[in-house]
Amino acid sequence: FSADILIEDTRRLFDGTTVTKQSRGAVYRDGEGRTRREQPLAMVGGVGIVGNDNKPQMLVFINDFATRTQIFLDANNKIARKDQIGGGPGPQGPGEPRDAKTESLGTKVIDGVSVDGTRVTFEIPAGEIGNEKPMQVISERWFSTELQVLVMSRHLDPLSGEHVFKLVNIKRAEPAADLFSIPSGYKVETPRER
């Protein structure tokens with residue numbers, strides 16, 4: 001399959017104004033299980049990162065799990081960094097608080113794909129972080145069993161605002177094979193050469 005990625009971050013300012021920022025990318029997976037993810041690197045530490053064309057630098061990650069190979073493409077410098085995919089489990093996040101409430105949201109169709117939803121809600125008690133009232137944090141995840149991929153997620157946090165991730169324009173067709181290889185003209189670096 002292939003799909004476009006849409007990420008929206010919305011924050012409400014003190015005066016009631018809302019600020020929404022969008023970024024777009026793409027994701028691909030072929031019949032052999034290889035994946036490719038494209039995402040823009042727009043800001044680092046509040047500084048805009050742009051290439052010679054004045055557009056955000058596009059980060060490209062290719063994973064081939066059969067050969068345990070990961071490739072990062074640096075399009076600005078025409079460099080492919082090739083490495084092995086680690087054997088251990090990925091980094092674990094902070095997890096959910098013990099008092100988090102998990103509920104099923106049932107099944108629905110998003111962009112032509114059947115997905116199962118889950119909502120996790122927890123409360124930050126009054127005074128825990130200097131807040132005068134309790135605050136609720138809500139996370140929703142909509143997962144496709146058929147495609148084995150997260151199709152949409154929504155995280156609502158009174159401190160950081162709303163973060164929405166969704167796949168759009170989902171196509172159930174084999175992506176072009178050249179999306180999963182290093183383009184010609186790229187210098188290939190391995191960990192020993194860096």
# chains A, B, ... in the order shown; residues from 1 in each chain; ligands from 1

call {"tool": "residues_around", "arguments": {"residues": "stretch 166-173 of chain A", "least_positions_apart": "2", "cutoff": "8 Å", "atoms": "only C-alpha atoms", "output": "list in words"}}
result
Phe1, Ser2, Ala3, Asp4, Ile5, Leu6, Ile7, Asp111, Gly112, Val151, Met152, Ser153, Val164 and Pro175 of chain A

call {"tool": "residues_around", "arguments": {"residues": "A:Leu159", "least_positions_apart": "3", "cutoff": "12 Å", "atoms": "only C-alpha atoms", "output": "ChimeraX atom specification"}}
result
/A:10-14,124,129-131,135-138,155-156,162-163

call {"tool": "write_last_selection", "arguments": {"atoms": "N, CA and C atoms", "output": "short mmCIF file (atom, residue, chain, number, x, y, z; two decimals), in the first residue's frame"}}
result
data_model
loop_
_atom_site.label_atom_id
_atom_site.label_comp_id
_atom_site.auth_asym_id
_atom_site.auth_seq_id
_atom_site.Cartn_x
_atom_site.Cartn_y
_atom_site.Cartn_z
N THR A 10 -2.22 21.65 16.73
CA THR A 10 -3.03 22.83 17.02
C THR A 10 -2.84 23.20 18.48
N ARG A 11 -2.54 24.48 18.70
CA ARG A 11 -2.39 24.99 20.07
C ARG A 11 -3.31 26.18 20.25
N ARG A 12 -3.89 26.29 21.43
CA ARG A 12 -4.72 27.44 21.76
C ARG A 12 -3.88 28.37 22.63
N LEU A 13 -3.75 29.61 22.18
CA LEU A 13 -2.96 30.59 22.91
C LEU A 13 -3.77 31.22 24.03
N PHE A 14 -3.10 31.93 24.90
CA PHE A 14 -3.72 32.53 26.08
C PHE A 14 -4.90 33.43 25.72
N ILE A 124 -4.59 14.50 35.10
CA ILE A 124 -3.50 15.09 35.88
C ILE A 124 -4.18 15.82 37.04
N ILE A 129 1.21 19.59 38.67
CA ILE A 129 2.22 20.32 37.88
C ILE A 129 1.99 21.83 37.98
N GLY A 130 1.36 22.24 39.11
CA GLY A 130 1.06 23.65 39.30
C GLY A 130 -0.31 24.05 38.75
N ASN A 131 -1.08 23.08 38.30
CA ASN A 131 -2.41 23.34 37.74
C ASN A 131 -3.42 23.51 38.88
N MET A 135 -6.77 18.12 34.95
CA MET A 135 -6.72 18.22 33.50
C MET A 135 -6.79 16.82 32.92
N GLN A 136 -7.54 16.66 31.83
CA GLN A 136 -7.66 15.37 31.16
C GLN A 136 -6.75 15.32 29.94
N VAL A 137 -6.08 14.19 29.75
CA VAL A 137 -5.27 13.92 28.57
C VAL A 137 -5.93 12.74 27.86
N ILE A 138 -6.20 12.92 26.55
CA ILE A 138 -6.93 11.91 25.78
C ILE A 138 -6.10 11.51 24.56
N HIS A 155 -4.10 13.04 19.79
CA HIS A 155 -3.66 13.21 21.17
C HIS A 155 -4.05 14.62 21.59
N LEU A 156 -4.84 14.72 22.63
CA LEU A 156 -5.32 16.01 23.14
C LEU A 156 -4.79 16.20 24.55
N GLU A 162 -3.42 19.88 20.54
CA GLU A 162 -3.92 18.69 19.85
C GLU A 162 -2.93 18.29 18.75
N HIS A 163 -2.61 17.00 18.72
CA HIS A 163 -1.72 16.44 17.69
C HIS A 163 -2.51 15.36 16.96
#

call {"tool": "residues_around", "arguments": {"residues": "stretch 75-84 of chain A", "least_positions_apart": "3", "cutoff": "8 Å", "atoms": "only C-alpha atoms", "output": "PyMOL selection string"}}
result
chain A and resi 51-52+57-59+68-72+182+185-191

call {"tool": "write_last_selection", "arguments": {"atoms": "N, CA and C atoms", "output": "short mmCIF file (atom, residue, chain, number, x, y, z; two decimals), in the first residue's frame"}}
result
data_model
loop_
_atom_site.label_atom_id
_atom_site.label_comp_id
_atom_site.auth_asym_id
_atom_site.auth_seq_id
_atom_site.Cartn_x
_atom_site.Cartn_y
_atom_site.Cartn_z
N GLY A 51 16.13 23.52 2.43
CA GLY A 51 17.17 23.19 1.46
C GLY A 51 17.40 24.35 0.51
N ASN A 52 18.16 24.09 -0.55
CA ASN A 52 18.46 25.12 -1.55
C ASN A 52 17.22 25.64 -2.25
N GLN A 57 13.66 20.27 4.41
CA GLN A 57 14.39 19.08 3.99
C GLN A 57 13.52 17.85 4.23
N MET A 58 13.47 16.98 3.23
CA MET A 58 12.67 15.76 3.35
C MET A 58 13.56 14.64 3.89
N LEU A 59 13.11 14.02 4.97
CA LEU A 59 13.82 12.88 5.54
C LEU A 59 13.21 11.62 4.93
N ARG A 68 17.42 -7.04 7.23
CA ARG A 68 17.74 -6.27 8.44
C ARG A 68 18.56 -5.03 8.11
N THR A 69 18.16 -4.32 7.04
CA THR A 69 18.88 -3.14 6.59
C THR A 69 17.99 -1.90 6.70
N GLN A 70 18.61 -0.83 7.18
CA GLN A 70 17.93 0.46 7.25
C GLN A 70 18.75 1.47 6.46
N ILE A 71 18.07 2.29 5.66
CA ILE A 71 18.75 3.30 4.84
C ILE A 71 18.13 4.65 5.13
N PHE A 72 18.98 5.64 5.36
CA PHE A 72 18.53 7.03 5.48
C PHE A 72 19.05 7.78 4.27
N ILE A 182 18.48 2.62 -3.18
CA ILE A 182 19.26 3.86 -3.15
C ILE A 182 19.30 4.43 -4.57
N GLY A 185 23.67 7.88 -8.20
CA GLY A 185 24.34 9.14 -7.93
C GLY A 185 24.52 9.45 -6.46
N TYR A 186 24.02 8.57 -5.59
CA TYR A 186 24.18 8.78 -4.15
C TYR A 186 25.44 8.09 -3.67
N LYS A 187 26.18 8.74 -2.78
CA LYS A 187 27.32 8.12 -2.11
C LYS A 187 26.76 7.30 -0.94
N VAL A 188 27.21 6.06 -0.81
CA VAL A 188 26.72 5.17 0.26
C VAL A 188 27.73 5.16 1.40
N GLU A 189 27.25 5.46 2.61
CA GLU A 189 28.09 5.41 3.80
C GLU A 189 27.57 4.32 4.73
N THR A 190 28.50 3.62 5.37
CA THR A 190 28.16 2.62 6.37
C THR A 190 28.66 3.15 7.72
N PRO A 191 28.29 2.55 8.85
CA PRO A 191 28.72 3.07 10.16
C PRO A 191 30.23 3.20 10.26
#

call {"tool": "residues_around", "arguments": {"residues": "A:Trp142", "least_positions_apart": "3", "cutoff": "10 Å", "atoms": "only C-alpha atoms", "output": "list in words"}}
result
Leu105, Gly106, Thr107, Lys108, Val109, Ile110, Ser114, Val115, Asp116, Gly117, Thr118, Arg119, Thr145, Val149, Leu150, Val151, Met152, Ser153, Arg154 and Lys166 of chain A

call {"tool": "write_last_selection", "arguments": {"atoms": "N, CA and C atoms", "output": "mmCIF file, in the first residue's frame"}}
result
data_model
loop_
_atom_site.group_PDB
_atom_site.id
_atom_site.type_symbol
_atom_site.label_atom_id
_atom_site.label_comp_id
_atom_site.auth_asym_id
_atom_site.auth_seq_id
_atom_site.Cartn_x
_atom_site.Cartn_y
_atom_site.Cartn_z
ATOM 1 N N LEU A 105 -13.431 2.014 20.945
ATOM 2 C CA LEU A 105 -14.277 2.940 20.199
ATOM 3 C C LEU A 105 -15.000 2.236 19.060
ATOM 4 N N GLY A 106 -14.817 0.922 18.963
ATOM 5 C CA GLY A 106 -15.485 0.158 17.928
ATOM 6 C C GLY A 106 -14.741 0.204 16.611
ATOM 7 N N THR A 107 -15.478 -0.101 15.551
ATOM 8 C CA THR A 107 -14.906 -0.160 14.212
ATOM 9 C C THR A 107 -15.565 0.899 13.338
ATOM 10 N N LYS A 108 -14.762 1.522 12.477
ATOM 11 C CA LYS A 108 -15.298 2.447 11.484
ATOM 12 C C LYS A 108 -14.399 2.415 10.263
ATOM 13 N N VAL A 109 -14.769 3.138 9.237
ATOM 14 C CA VAL A 109 -13.995 3.185 7.995
ATOM 15 C C VAL A 109 -13.398 4.573 7.850
ATOM 16 N N ILE A 110 -12.076 4.624 7.662
ATOM 17 C CA ILE A 110 -11.367 5.876 7.406
ATOM 18 C C ILE A 110 -10.663 5.728 6.063
ATOM 19 N N SER A 114 -11.096 -0.223 6.944
ATOM 20 C CA SER A 114 -11.729 -0.554 8.211
ATOM 21 C C SER A 114 -10.685 -0.477 9.329
ATOM 22 N N VAL A 115 -11.040 0.246 10.404
ATOM 23 C CA VAL A 115 -10.101 0.439 11.511
ATOM 24 C C VAL A 115 -10.812 0.205 12.844
ATOM 25 N N ASP A 116 -10.039 -0.224 13.838
ATOM 26 C CA ASP A 116 -10.536 -0.409 15.197
ATOM 27 C C ASP A 116 -9.951 0.692 16.067
ATOM 28 N N GLY A 117 -10.823 1.311 16.866
ATOM 29 C CA GLY A 117 -10.390 2.445 17.674
ATOM 30 C C GLY A 117 -10.282 2.130 19.147
ATOM 31 N N THR A 118 -9.320 2.800 19.785
ATOM 32 C CA THR A 118 -9.113 2.705 21.224
ATOM 33 C C THR A 118 -8.870 4.111 21.759
ATOM 34 N N ARG A 119 -9.477 4.417 22.890
ATOM 35 C CA ARG A 119 -9.237 5.708 23.547
ATOM 36 C C ARG A 119 -8.649 5.455 24.934
ATOM 37 N N THR A 145 -6.252 -3.666 10.983
ATOM 38 C CA THR A 145 -5.734 -5.028 11.076
ATOM 39 C C THR A 145 -5.339 -5.524 9.686
ATOM 40 N N VAL A 149 -1.319 -1.274 10.141
ATOM 41 C CA VAL A 149 -0.747 0.061 10.257
ATOM 42 C C VAL A 149 -1.720 0.976 11.006
ATOM 43 N N LEU A 150 -1.162 1.938 11.715
ATOM 44 C CA LEU A 150 -1.952 2.974 12.371
ATOM 45 C C LEU A 150 -2.440 3.933 11.287
ATOM 46 N N VAL A 151 -3.750 4.085 11.152
ATOM 47 C CA VAL A 151 -4.322 4.939 10.114
ATOM 48 C C VAL A 151 -4.563 6.348 10.640
ATOM 49 N N MET A 152 -4.900 6.463 11.920
ATOM 50 C CA MET A 152 -5.123 7.788 12.501
ATOM 51 C C MET A 152 -4.885 7.741 13.998
ATOM 52 N N SER A 153 -4.336 8.830 14.523
ATOM 53 C CA SER A 153 -4.237 8.987 15.968
ATOM 54 C C SER A 153 -4.504 10.447 16.301
ATOM 55 N N ARG A 154 -5.028 10.653 17.502
ATOM 56 C CA ARG A 154 -5.325 12.011 17.971
ATOM 57 C C ARG A 154 -4.936 12.069 19.440
ATOM 58 N N LYS A 166 -2.676 11.305 10.478
ATOM 59 C CA LYS A 166 -3.576 10.461 9.702
ATOM 60 C C LYS A 166 -2.999 10.134 8.340
#

call {"tool": "atom_distance", "arguments": {"atom1": "atom CA of A:Ser23", "atom2": "atom CA of A:Phe165"}}
result
9.8 Å

call {"tool": "atom_distance", "arguments": {"atom1": "atom CA of A:Thr102", "atom2": "atom CA of A:Thr18"}}
result
28.7 Å

call {"tool": "decode", "arguments": {"residues": "stretch 102-124 of chain A", "atoms": "N, CA, C and O atoms", "output": "compact mmCIF listing (two decimals), in the first residue's frame"}}
result
# COMPACT_ATOMS: atom_id res chain seq x y z
N THR A 102 -8.89 2.81 29.58
CA THR A 102 -8.86 2.41 28.18
C THR A 102 -10.24 1.92 27.78
O THR A 102 -10.85 1.14 28.50
N GLU A 103 -10.70 2.40 26.62
CA GLU A 103 -12.00 1.97 26.13
C GLU A 103 -11.96 1.74 24.63
O GLU A 103 -11.21 2.39 23.91
N SER A 104 -12.76 0.80 24.18
CA SER A 104 -12.87 0.52 22.75
C SER A 104 -13.80 1.53 22.11
O SER A 104 -14.84 1.88 22.68
N LEU A 105 -13.43 2.01 20.95
CA LEU A 105 -14.28 2.94 20.20
C LEU A 105 -15.00 2.24 19.06
O LEU A 105 -15.66 2.88 18.25
N GLY A 106 -14.82 0.92 18.96
CA GLY A 106 -15.48 0.16 17.93
C GLY A 106 -14.74 0.20 16.61
O GLY A 106 -13.55 0.52 16.56
N THR A 107 -15.48 -0.10 15.55
CA THR A 107 -14.91 -0.16 14.21
C THR A 107 -15.56 0.90 13.34
O THR A 107 -16.76 1.15 13.47
N LYS A 108 -14.76 1.52 12.48
CA LYS A 108 -15.30 2.45 11.48
C LYS A 108 -14.40 2.41 10.26
O LYS A 108 -13.36 1.74 10.26
N VAL A 109 -14.77 3.14 9.24
CA VAL A 109 -14.00 3.19 8.00
C VAL A 109 -13.40 4.57 7.85
O VAL A 109 -14.10 5.58 7.94
N ILE A 110 -12.08 4.62 7.66
CA ILE A 110 -11.37 5.88 7.41
C ILE A 110 -10.66 5.73 6.06
O ILE A 110 -9.88 4.80 5.87
N ASP A 111 -10.94 6.62 5.15
CA ASP A 111 -10.33 6.62 3.82
C ASP A 111 -10.42 5.25 3.14
O ASP A 111 -9.46 4.77 2.54
N GLY A 112 -11.59 4.61 3.30
CA GLY A 112 -11.82 3.33 2.65
C GLY A 112 -11.24 2.13 3.36
O GLY A 112 -11.29 1.01 2.84
N VAL A 113 -10.68 2.32 4.56
CA VAL A 113 -10.03 1.24 5.29
C VAL A 113 -10.77 1.02 6.62
O VAL A 113 -11.02 1.98 7.36
N SER A 114 -11.10 -0.22 6.94
CA SER A 114 -11.73 -0.55 8.21
C SER A 114 -10.69 -0.48 9.33
O SER A 114 -9.60 -1.05 9.21
N VAL A 115 -11.04 0.25 10.40
CA VAL A 115 -10.10 0.44 11.51
C VAL A 115 -10.81 0.20 12.84
O VAL A 115 -12.02 0.39 12.96
N ASP A 116 -10.04 -0.22 13.84
CA ASP A 116 -10.54 -0.41 15.20
C ASP A 116 -9.95 0.69 16.07
O ASP A 116 -8.75 0.95 16.02
N GLY A 117 -10.82 1.31 16.87
CA GLY A 117 -10.39 2.44 17.67
C GLY A 117 -10.28 2.13 19.15
O GLY A 117 -11.03 1.32 19.70
N THR A 118 -9.32 2.80 19.78
CA THR A 118 -9.11 2.70 21.22
C THR A 118 -8.87 4.11 21.76
O THR A 118 -8.14 4.90 21.14
N ARG A 119 -9.48 4.42 22.89
CA ARG A 119 -9.24 5.71 23.55
C ARG A 119 -8.65 5.45 24.93
O ARG A 119 -9.15 4.62 25.69
N VAL A 120 -7.57 6.17 25.25
CA VAL A 120 -6.96 6.11 26.57
C VAL A 120 -7.09 7.51 27.18
O VAL A 120 -6.69 8.50 26.56
N THR A 121 -7.65 7.58 28.39
CA THR A 121 -7.85 8.85 29.07
C THR A 121 -7.22 8.76 30.46
O THR A 121 -7.36 7.76 31.14
N PHE A 122 -6.51 9.82 30.83
CA PHE A 122 -6.05 9.90 32.21
C PHE A 122 -6.11 11.34 32.67
O PHE A 122 -6.20 12.27 31.87
N GLU A 123 -6.08 11.50 33.98
CA GLU A 123 -6.23 12.83 34.57
C GLU A 123 -4.95 13.23 35.28
O GLU A 123 -4.32 12.42 35.97
N ILE A 124 -4.59 14.50 35.10
CA ILE A 124 -3.50 15.09 35.88
C ILE A 124 -4.18 15.82 37.04
O ILE A 124 -4.90 16.80 36.83
